[in-house]
Amino acid sequence: MYDAAEMTGVVKTERLQEGYSKVVYATNDPDKTVLWFKDTATAFRNIKRAEIKDKGIYTCRISSLLFKYLNDNGIKTHFLGQTGEREQLCRRADVLPIRVILRNVAAGAIVKLLGIEHGKVFSHPVTELTLKDNELDNPIINRDHADALGVASYEETDFIIDTAHKVNRQLSGLLESIGIKLVDFKLEFGYTSDHELVLTDEISPDTCRFWNIADGRQLDRDRYRLDLGDIIEAYQEITDRLTSAL
């Protein structure tokens, strides 16, 4: 189940950072970190919050499977291997303070922001950049804003957006093969110690919308946001389908 080879001789040390869904630990190797996935579920800027038993186990496994798939298909990421049921070993990276969101179908914030019908399939993917700033409510920005603020150059945002579209093509095909529609997702990027810009963070039902193609059933964090129930069952279903395909 675990890709332990990369962990040989690596020891987890002090806690570097804790977010809503993960804890990042340093290791005795300055170029590597350990990500530990929590059971915490959040929504609406952390206003709604709960502990859901074993959620972190499933988000870790799903993210590991998807990152390995991207690594194997030419997308450079921070992921080195899953080393425990809740742990990943990763290349240490300084994460840029922006996110890219790619939308194939209208759902969530864009529906309210632009008055688009929920479920509208876009003729081509819609790309957004957002500034990671909770005090400003993580606003949507453009490439000029990113450059003016000094958070990402034009070259960096071009790379981020181009990579997001490559990820979309690869994961959309994989997920469609197991009966899942990739509705939208958000990605983060950072620089490794050798100054390589790579995909970081996680790709899971916490950061994506996954809809069951057969009946439109939501298989992601919206089950918690919208009080739909059966959250763990949905996450386990994705895990099982991916494991069978990969």
# chains A, B, ... in the order shown; residues from 1 in each chain; ligands from 1
>>> residues_around(residues="Thr42 of chain A", least_positions_apart="4", cutoff="12 Å", atoms="only C-alpha atoms", output="ChimeraX atom specification")
/A:19-22,38,46-52,55,206-207,221-227
>>> closest_atom_pairs(of="segment 9-117 of chain A", to="segment 149-169 of chain A", cutoff="9 Å", atoms="only C-alpha atoms", output="CSV")
residue,atom,partner,partner_atom,distance
A:Leu70,CA,A:Val167,CA,7.3
A:Ile75,CA,A:Val167,CA,7.6
A:Leu96,CA,A:Val151,CA,6.7
A:Pro97,CA,A:Val151,CA,6.2
A:Ile98,CA,A:Val151,CA,7.1
A:Arg99,CA,A:Ile160,CA,8.8
A:Val100,CA,A:Ile161,CA,6.9
A:Ile101,CA,A:Ala164,CA,8.1
A:Leu102,CA,A:Ala164,CA,7.1
A:Asn104,CA,A:Asn168,CA,8.8
>>> select_by_dssp(residues="segment 58-205 of chain A", states="alpha helix (DSSP H)", output="PyMOL selection string")
chain A and resi 58-72+109-114+143-149+154-177
>>> write_last_selection(atoms="C-alpha atoms", output="JSON list (two decimals), in the first residue's frame")
[["chain", "number", "residue", "atom", "x", "y", "z"],
["A", 58, "TYR", "CA", -8.94, 8.58, 2.54],
["A", 59, "THR", "CA", -7.77, 12.05, 1.51],
["A", 60, "CYS", "CA", -4.16, 10.93, 1.94],
["A", 61, "ARG", "CA", -4.66, 7.81, -0.15],
["A", 62, "ILE", "CA", -6.61, 9.56, -2.92],
["A", 63, "SER", "CA", -4.07, 12.37, -3.14],
["A", 64, "SER", "CA", -1.21, 9.85, -3.18],
["A", 65, "LEU", "CA", -2.77, 7.89, -6.04],
["A", 66, "LEU", "CA", -3.43, 11.03, -8.09],
["A", 67, "PHE", "CA", -0.01, 12.60, -7.47],
["A", 68, "LYS", "CA", 1.74, 9.35, -8.39],
["A", 69, "TYR", "CA", -0.33, 9.19, -11.57],
["A", 70, "LEU", "CA", 0.70, 12.75, -12.47],
["A", 71, "ASN", "CA", 4.36, 12.04, -11.64],
["A", 72, "ASP", "CA", 4.25, 9.00, -13.91],
["A", 109, "ALA", "CA", -18.71, 30.13, -5.93],
["A", 110, "ILE", "CA", -18.83, 30.87, -9.66],
["A", 111, "VAL", "CA", -22.59, 30.19, -9.76],
["A", 112, "LYS", "CA", -23.29, 32.97, -7.27],
["A", 113, "LEU", "CA", -20.52, 35.29, -8.51],
["A", 114, "LEU", "CA", -21.60, 35.33, -12.17],
["A", 143, "ARG", "CA", -1.84, 37.96, -14.02],
["A", 144, "ASP", "CA", -1.26, 41.72, -13.82],
["A", 145, "HIS", "CA", -2.32, 41.73, -10.16],
["A", 146, "ALA", "CA", -0.03, 38.80, -9.37],
["A", 147, "ASP", "CA", 2.93, 40.55, -10.97],
["A", 148, "ALA", "CA", 2.16, 43.94, -9.39],
["A", 149, "LEU", "CA", 1.83, 42.37, -5.93],
["A", 154, "TYR", "CA", 4.04, 36.50, -15.72],
["A", 155, "GLU", "CA", 6.34, 33.56, -16.45],
["A", 156, "GLU", "CA", 5.25, 31.83, -13.24],
["A", 157, "THR", "CA", 1.53, 32.35, -13.81],
["A", 158, "ASP", "CA", 1.88, 31.13, -17.40],
["A", 159, "PHE", "CA", 3.53, 27.96, -16.12],
["A", 160, "ILE", "CA", 0.92, 27.48, -13.37],
["A", 161, "ILE", "CA", -2.01, 27.91, -15.73],
["A", 162, "ASP", "CA", -0.47, 25.70, -18.43],
["A", 163, "THR", "CA", 0.24, 22.97, -15.87],
["A", 164, "ALA", "CA", -3.31, 23.21, -14.49],
["A", 165, "HIS", "CA", -4.68, 22.51, -17.97],
["A", 166, "LYS", "CA", -2.34, 19.55, -18.38],
["A", 167, "VAL", "CA", -3.49, 18.20, -15.00],
["A", 168, "ASN", "CA", -7.09, 18.69, -16.07],
["A", 169, "ARG", "CA", -6.65, 16.71, -19.26],
["A", 170, "GLN", "CA", -4.87, 13.86, -17.52],
["A", 171, "LEU", "CA", -7.13, 13.56, -14.50],
["A", 172, "SER", "CA", -10.35, 14.09, -16.46],
["A", 173, "GLY", "CA", -9.49, 11.10, -18.62],
["A", 174, "LEU", "CA", -8.50, 8.93, -15.67],
["A", 175, "LEU", "CA", -11.59, 9.80, -13.64],
["A", 176, "GLU", "CA", -13.96, 9.42, -16.58],
["A", 177, "SER", "CA", -12.64, 5.88, -17.01]]
>>> residues_around(residues="Asp54 of chain A", least_positions_apart="4", cutoff="10 Å", atoms="only C-alpha atoms", output="short mmCIF file (atom, residue, chain, number, x, y, z; two decimals) with N, CA, C and O atoms, in the first residue's frame")
data_model
loop_
_atom_site.label_atom_id
_atom_site.label_comp_id
_atom_site.auth_asym_id
_atom_site.auth_seq_id
_atom_site.Cartn_x
_atom_site.Cartn_y
_atom_site.Cartn_z
N PHE A 37 -2.25 13.95 7.25
CA PHE A 37 -3.62 14.34 6.90
C PHE A 37 -4.56 14.17 8.09
O PHE A 37 -4.64 13.09 8.68
N LYS A 38 -5.29 15.23 8.41
CA LYS A 38 -6.18 15.27 9.56
C LYS A 38 -7.59 14.80 9.18
O LYS A 38 -7.94 14.70 8.00
N ASP A 39 -8.39 14.55 10.21
CA ASP A 39 -9.79 14.18 10.00
C ASP A 39 -10.73 15.39 9.97
O ASP A 39 -11.94 15.23 9.86
N THR A 40 -10.18 16.57 10.06
CA THR A 40 -10.99 17.78 10.13
C THR A 40 -11.66 18.08 8.79
O THR A 40 -11.01 18.06 7.75
N TYR A 58 -8.49 8.62 3.94
CA TYR A 58 -8.94 8.58 2.54
C TYR A 58 -8.39 9.73 1.72
O TYR A 58 -8.00 9.53 0.56
N THR A 59 -8.33 10.95 2.28
CA THR A 59 -7.77 12.05 1.51
C THR A 59 -6.30 11.82 1.21
O THR A 59 -5.81 12.11 0.11
N GLU A 85 -0.59 5.44 6.65
CA GLU A 85 -1.97 5.60 6.18
C GLU A 85 -2.42 7.06 6.13
O GLU A 85 -3.35 7.39 5.40
N ARG A 86 -1.73 7.94 6.88
CA ARG A 86 -2.04 9.37 6.86
C ARG A 86 -0.85 10.23 6.44
O ARG A 86 -0.92 11.45 6.53
N ILE A 232 -17.80 9.79 4.40
CA ILE A 232 -16.76 8.76 4.35
C ILE A 232 -17.08 7.72 3.29
O ILE A 232 -16.18 7.23 2.58
N TYR A 235 -15.90 9.16 -0.01
CA TYR A 235 -14.45 9.18 -0.13
C TYR A 235 -13.90 7.76 -0.31
O TYR A 235 -12.96 7.54 -1.07
N GLN A 236 -14.50 6.81 0.38
CA GLN A 236 -14.07 5.43 0.23
C GLN A 236 -14.38 4.91 -1.18
O GLN A 236 -13.59 4.16 -1.76
#
>>> residues_around(residues="Glu87 of chain A", least_positions_apart="5", cutoff="6 Å", atoms="only C-alpha atoms", output="PyMOL selection string")
chain A and resi 35-36+82
>>> write_last_selection(atoms="all heavy atoms", output="compact mmCIF listing (two decimals), in the first residue's frame")
# COMPACT_ATOMS: atom_id res chain seq x y z
N LEU A 35 3.84 15.24 5.15
CA LEU A 35 2.48 15.76 5.28
C LEU A 35 1.63 14.73 6.01
O LEU A 35 1.61 13.56 5.63
CB LEU A 35 1.87 16.02 3.89
CG LEU A 35 2.07 17.41 3.28
CD1 LEU A 35 3.54 17.72 3.13
CD2 LEU A 35 1.36 17.50 1.93
N TRP A 36 0.94 15.18 7.06
CA TRP A 36 0.08 14.31 7.87
C TRP A 36 -1.35 14.81 7.71
O TRP A 36 -1.66 15.97 7.98
CB TRP A 36 0.51 14.36 9.33
CG TRP A 36 -0.10 13.32 10.20
CD1 TRP A 36 0.37 12.07 10.47
CD2 TRP A 36 -1.31 13.45 10.99
NE1 TRP A 36 -0.46 11.40 11.34
CE2 TRP A 36 -1.50 12.22 11.68
CE3 TRP A 36 -2.25 14.47 11.15
CZ2 TRP A 36 -2.59 12.00 12.52
CZ3 TRP A 36 -3.34 14.25 11.99
CH2 TRP A 36 -3.49 13.03 12.67
N GLN A 82 3.75 7.63 -0.40
CA GLN A 82 2.93 7.50 0.80
C GLN A 82 3.65 6.58 1.76
O GLN A 82 4.01 5.45 1.42
CB GLN A 82 1.54 6.96 0.48
CG GLN A 82 0.64 6.92 1.71
CD GLN A 82 -0.79 6.56 1.41
OE1 GLN A 82 -1.19 6.51 0.26
NE2 GLN A 82 -1.56 6.30 2.45
>>> residues_around(residues="Asp220 of chain A", least_positions_apart="3", cutoff="8 Å", atoms="only C-alpha atoms", output="VMD selection string")
chain A and resid 205 to 206 208 to 211 223 231 234 to 235
